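Chemist: The structure follows.
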Amino acid sequence: MLPPRAHDALPDLERARLLDLTRDVLRRPTAPYAEDLQVRGLLEFAAERPGIEARLDRHGNALLEWRGRGTRAPLLAYSAHLDHPGVEYLGRRGGVLLGRLHGGVRPDVLPGAPLRFFALEDGTAIATARVRAARRVGGGTELELVELSGKLARGTPGMWDLGAGALRGTRLHARVCDDLLGAVSILHVLDRLWRARSPVRLLGVFTRAEETGFIGCLGLLEARSLPADTHVIGLECSPLRATARPGRGPVVRVGDAASVFDPELSQRLHAQAARLRAEVRGFGFQRALMDGGRCESTAFNARGVRAGAACLALGNYHNGSPRGRLAPEWVEWADHEGLAALLYEFALSWNAGADSAQSAALTALWRGGRAQLAQSARRIRAATARA
Ligand SMILES: [Zn+2]
């Protein structure tokens, strides 16, 4: 059941579709290097929508494109990662069951954490276990497992056994918000463009193994899987900040813990969010430096692909609750709706090739002041020539 409407950014039909897509994506298990069921879901999504082209690059990152009718604007891409911190079963050593943690989870929430291991073929649960202790080994974290129920082969992926997702009040609680909700919002925009047979072109980029250091994204960049002059908006769920609270709308993310993002893209996204706030009842947004983690936009920009970012302010980031227990992540559902709406409207305005308001404002300033600048420049330069 959807929470009561908090703003008018999505029509009823689109709210229901967003809920359907969210359910579909969240119920599929995932872990770093084990995104098989997510990738399969994306290919099914495209197969059900003739005209949305899907391909995998050689690293197994997925690209879904709605071609629209072509435009002179550079190709706009939305990017999200398909994995979430999880575990790989390592087998038994000296009578002890071991797992490797992939991705960052606060050490204080690991002891006692419940695990569910899944089959890569169909996602069925094949075993459960519990973490007894965690220790740093080399550059990684090894987990001692107990209470194993079921039979496990070495290499089997596992995720936190916290339930696929549930709406309670105005919040969505799920074992994975980061970053399946980013992926959902891209699918929602592609679905809207497809249903409308929109002329607007959009590329969806779905990367793997982000939680272990943008590995899938770095592979994507190394393989040059994006067309030249692609402009990326990286989507994330990012730990809430004093300047970015759940319930105050999607976040125009101007940077992360490592870098600041493309100024023009950031400004254009900000301008679109401001237009929505002016026009749509109840819609709000936030603009913030989300320095609680690094995201792929840092990698894109560092490799010469212009990238901005947007995100949802996330509670219980990477399943660490403030009370020191492993817990579902959560977001405010209205923020999720707001982000999906913002991304749709931004794709429309991007393809219309609208000059950025920033650029227009600078041009107006230049026009207003250039005559006096030229006049005084003649005086200054003449005085210099005489000296
Ligand atoms: Zn993430």
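Within each chain, counting starts at residue 1; across the structure tokens, chains are named A, B, ... in the order shown, with ligands numbered 1 upward in that order.
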For ligand 1, collect every residue having any atom at a distance of at most 6 Å from a ligand atom (counting only C-alpha atoms and all ligand atoms); output as a list in words.
Modeler: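 Based on only C-alpha atoms and all ligand atoms, ligand 1 is surrounded within 6 Å by Asp178, Asp179, Glu236 and Cys237 of chain A.
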Chemist: Tell me, which residues of region 129-192 of chain A carry DSSP helix (DSSP H, G or I), written as a ChimeraX atom specification?
Modeler: /A:180-192
Chemist: Could you make a table, as CSV, of the residues of region 68-108 of chain A that have an atom within 10 Å of an atom of region 292-311 of chain A, each with its nearest atom pair and distance in Å to one decimal, counting only C-alpha atoms, in chain and number order?
Modeler:
```
residue,atom,partner,partner_atom,distance
A:Leu76,CA,A:Ala307,CA,10.0
A:Ala77,CA,A:Ala307,CA,9.3
A:Tyr78,CA,A:Ala309,CA,8.9
A:Ser79,CA,A:Glu296,CA,8.5
A:Ala80,CA,A:Glu296,CA,8.4
A:His81,CA,A:Glu296,CA,8.6
```
Chemist: Would you mind exporting the chosen residues as a PDB file, in the first residue's frame, restricted to N, CA, C and O atoms?
Modeler:
```
ATOM      1  N   LEU A  76      22.374  11.791 -22.705  1.00  0.00           N
ATOM      2  CA  LEU A  76      22.214  11.819 -21.253  1.00  0.00           C
ATOM      3  C   LEU A  76      22.119  10.388 -20.737  1.00  0.00           C
ATOM      4  O   LEU A  76      21.366   9.572 -21.285  1.00  0.00           O
ATOM      5  N   ALA A  77      22.882  10.085 -19.696  1.00  0.00           N
ATOM      6  CA  ALA A  77      22.822   8.753 -19.075  1.00  0.00           C
ATOM      7  C   ALA A  77      22.561   8.895 -17.585  1.00  0.00           C
ATOM      8  O   ALA A  77      23.077   9.808 -16.934  1.00  0.00           O
ATOM      9  N   TYR A  78      21.738   8.001 -17.061  1.00  0.00           N
ATOM     10  CA  TYR A  78      21.566   7.864 -15.620  1.00  0.00           C
ATOM     11  C   TYR A  78      22.245   6.560 -15.215  1.00  0.00           C
ATOM     12  O   TYR A  78      22.088   5.544 -15.890  1.00  0.00           O
ATOM     13  N   SER A  79      22.974   6.619 -14.107  1.00  0.00           N
ATOM     14  CA  SER A  79      23.762   5.457 -13.712  1.00  0.00           C
ATOM     15  C   SER A  79      23.459   5.058 -12.269  1.00  0.00           C
ATOM     16  O   SER A  79      23.281   5.924 -11.404  1.00  0.00           O
ATOM     17  N   ALA A  80      23.380   3.753 -12.024  1.00  0.00           N
ATOM     18  CA  ALA A  80      23.183   3.244 -10.662  1.00  0.00           C
ATOM     19  C   ALA A  80      23.914   1.908 -10.543  1.00  0.00           C
ATOM     20  O   ALA A  80      24.144   1.238 -11.542  1.00  0.00           O
ATOM     21  N   HIS A  81      24.260   1.527  -9.308  1.00  0.00           N
ATOM     22  CA  HIS A  81      24.920   0.227  -9.152  1.00  0.00           C
ATOM     23  C   HIS A  81      23.952  -0.821  -8.618  1.00  0.00           C
ATOM     24  O   HIS A  81      23.008  -0.500  -7.898  1.00  0.00           O
TER      25      HIS A  81
END
```
Chemist: What does the distance from CA of Pro74 (chain A) to CA of Arg192 (chain A) come to in Å, to one decimal?
Modeler: 20.5 Å
Chemist: Of the residues A:Ala54, A:Ala242, A:Arg268, A:Gly320, which is the one nearest to Leu203 (chain A), using only C-alpha atoms?
Modeler: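 Closest to Leu203 (chain A) of all the choices is A:Ala54.
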Chemist: What's the separation between CA of Gly158 (chain A) and CA of Ala31 (chain A), in Å to one decimal place?
Modeler: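 About the pair CA of Gly158 (chain A) and CA of Ala31 (chain A): they are 7.0 Å apart.
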Chemist: Once you count only C-alpha atoms, what closest atom pair and distance in Å to one decimal does each residue of region 199-307 of chain A within 9 Å of region 1-10 of chain A have, with rows by chain and rising residue number, as a Markdown table?
Modeler:
```
| residue | atom | partner | partner_atom | distance |
| --- | --- | --- | --- | --- |
| A:Leu276 | CA | A:Ala9 | CA | 7.8 |
| A:Val280 | CA | A:Asp8 | CA | 6.0 |
| A:Arg281 | CA | A:Asp8 | CA | 5.6 |
| A:Gly282 | CA | A:His7 | CA | 4.2 |
| A:Phe283 | CA | A:His7 | CA | 5.3 |
| A:Gly284 | CA | A:His7 | CA | 8.4 |
```
Chemist: What is the distance between CA of Ala34 (chain A) and CA of Glu337 (chain A), in Å to one decimal?
Modeler: 27.9 Å
Chemist: What are the nearest atom pairs, with distances in Å to one decimal, for all residues of region 28-64 of chain A that come at most 12 Å from region 194-199 of chain A, using only C-alpha atoms, set out by chain and rising residue number as JSON lines?
Modeler:
```
{"residue": "A:Phe45", "atom": "CA", "partner": "A:Trp194", "partner_atom": "CA", "distance": 11.4}
{"residue": "A:Ala46", "atom": "CA", "partner": "A:Trp194", "partner_atom": "CA", "distance": 10.1}
{"residue": "A:Glu48", "atom": "CA", "partner": "A:Trp194", "partner_atom": "CA", "distance": 10.8}
{"residue": "A:Arg49", "atom": "CA", "partner": "A:Trp194", "partner_atom": "CA", "distance": 7.3}
{"residue": "A:Pro50", "atom": "CA", "partner": "A:Trp194", "partner_atom": "CA", "distance": 8.7}
{"residue": "A:Gly51", "atom": "CA", "partner": "A:Trp194", "partner_atom": "CA", "distance": 7.5}
{"residue": "A:Ile52", "atom": "CA", "partner": "A:Trp194", "partner_atom": "CA", "distance": 7.3}
{"residue": "A:Glu53", "atom": "CA", "partner": "A:Trp194", "partner_atom": "CA", "distance": 11.1}
{"residue": "A:Leu64", "atom": "CA", "partner": "A:Trp194", "partner_atom": "CA", "distance": 11.7}
```
Chemist: Filtering to N, CA and C atoms, could you give me those residues as an mmCIF file, in the first residue's frame?
Modeler:
```cif
data_model
loop_
_atom_site.group_PDB
_atom_site.id
_atom_site.type_symbol
_atom_site.label_atom_id
_atom_site.label_comp_id
_atom_site.auth_asym_id
_atom_site.auth_seq_id
_atom_site.Cartn_x
_atom_site.Cartn_y
_atom_site.Cartn_z
ATOM 1 N N PHE A 45 13.088 -6.740 -18.385
ATOM 2 C CA PHE A 45 12.423 -5.430 -18.484
ATOM 3 C C PHE A 45 12.506 -4.909 -19.919
ATOM 4 N N ALA A 46 13.693 -5.003 -20.523
ATOM 5 C CA ALA A 46 13.868 -4.499 -21.890
ATOM 6 C C ALA A 46 13.126 -5.374 -22.895
ATOM 7 N N GLU A 48 10.421 -6.942 -22.525
ATOM 8 C CA GLU A 48 8.984 -6.656 -22.482
ATOM 9 C C GLU A 48 8.648 -5.306 -23.107
ATOM 10 N N ARG A 49 9.664 -4.548 -23.469
ATOM 11 C CA ARG A 49 9.438 -3.200 -24.008
ATOM 12 C C ARG A 49 10.227 -3.022 -25.298
ATOM 13 N N PRO A 50 9.679 -3.559 -26.403
ATOM 14 C CA PRO A 50 10.410 -3.483 -27.674
ATOM 15 C C PRO A 50 10.742 -2.026 -27.988
ATOM 16 N N GLY A 51 11.990 -1.787 -28.363
ATOM 17 C CA GLY A 51 12.413 -0.411 -28.597
ATOM 18 C C GLY A 51 13.406 0.044 -27.535
ATOM 19 N N ILE A 52 13.349 -0.588 -26.357
ATOM 20 C CA ILE A 52 14.417 -0.361 -25.377
ATOM 21 C C ILE A 52 15.483 -1.411 -25.650
ATOM 22 N N GLU A 53 16.654 -0.934 -26.049
ATOM 23 C CA GLU A 53 17.734 -1.854 -26.399
ATOM 24 C C GLU A 53 18.579 -2.138 -25.171
ATOM 25 N N LEU A 64 20.874 0.002 -20.901
ATOM 26 C CA LEU A 64 19.542 -0.012 -21.504
ATOM 27 C C LEU A 64 19.300 1.346 -22.134
#
```
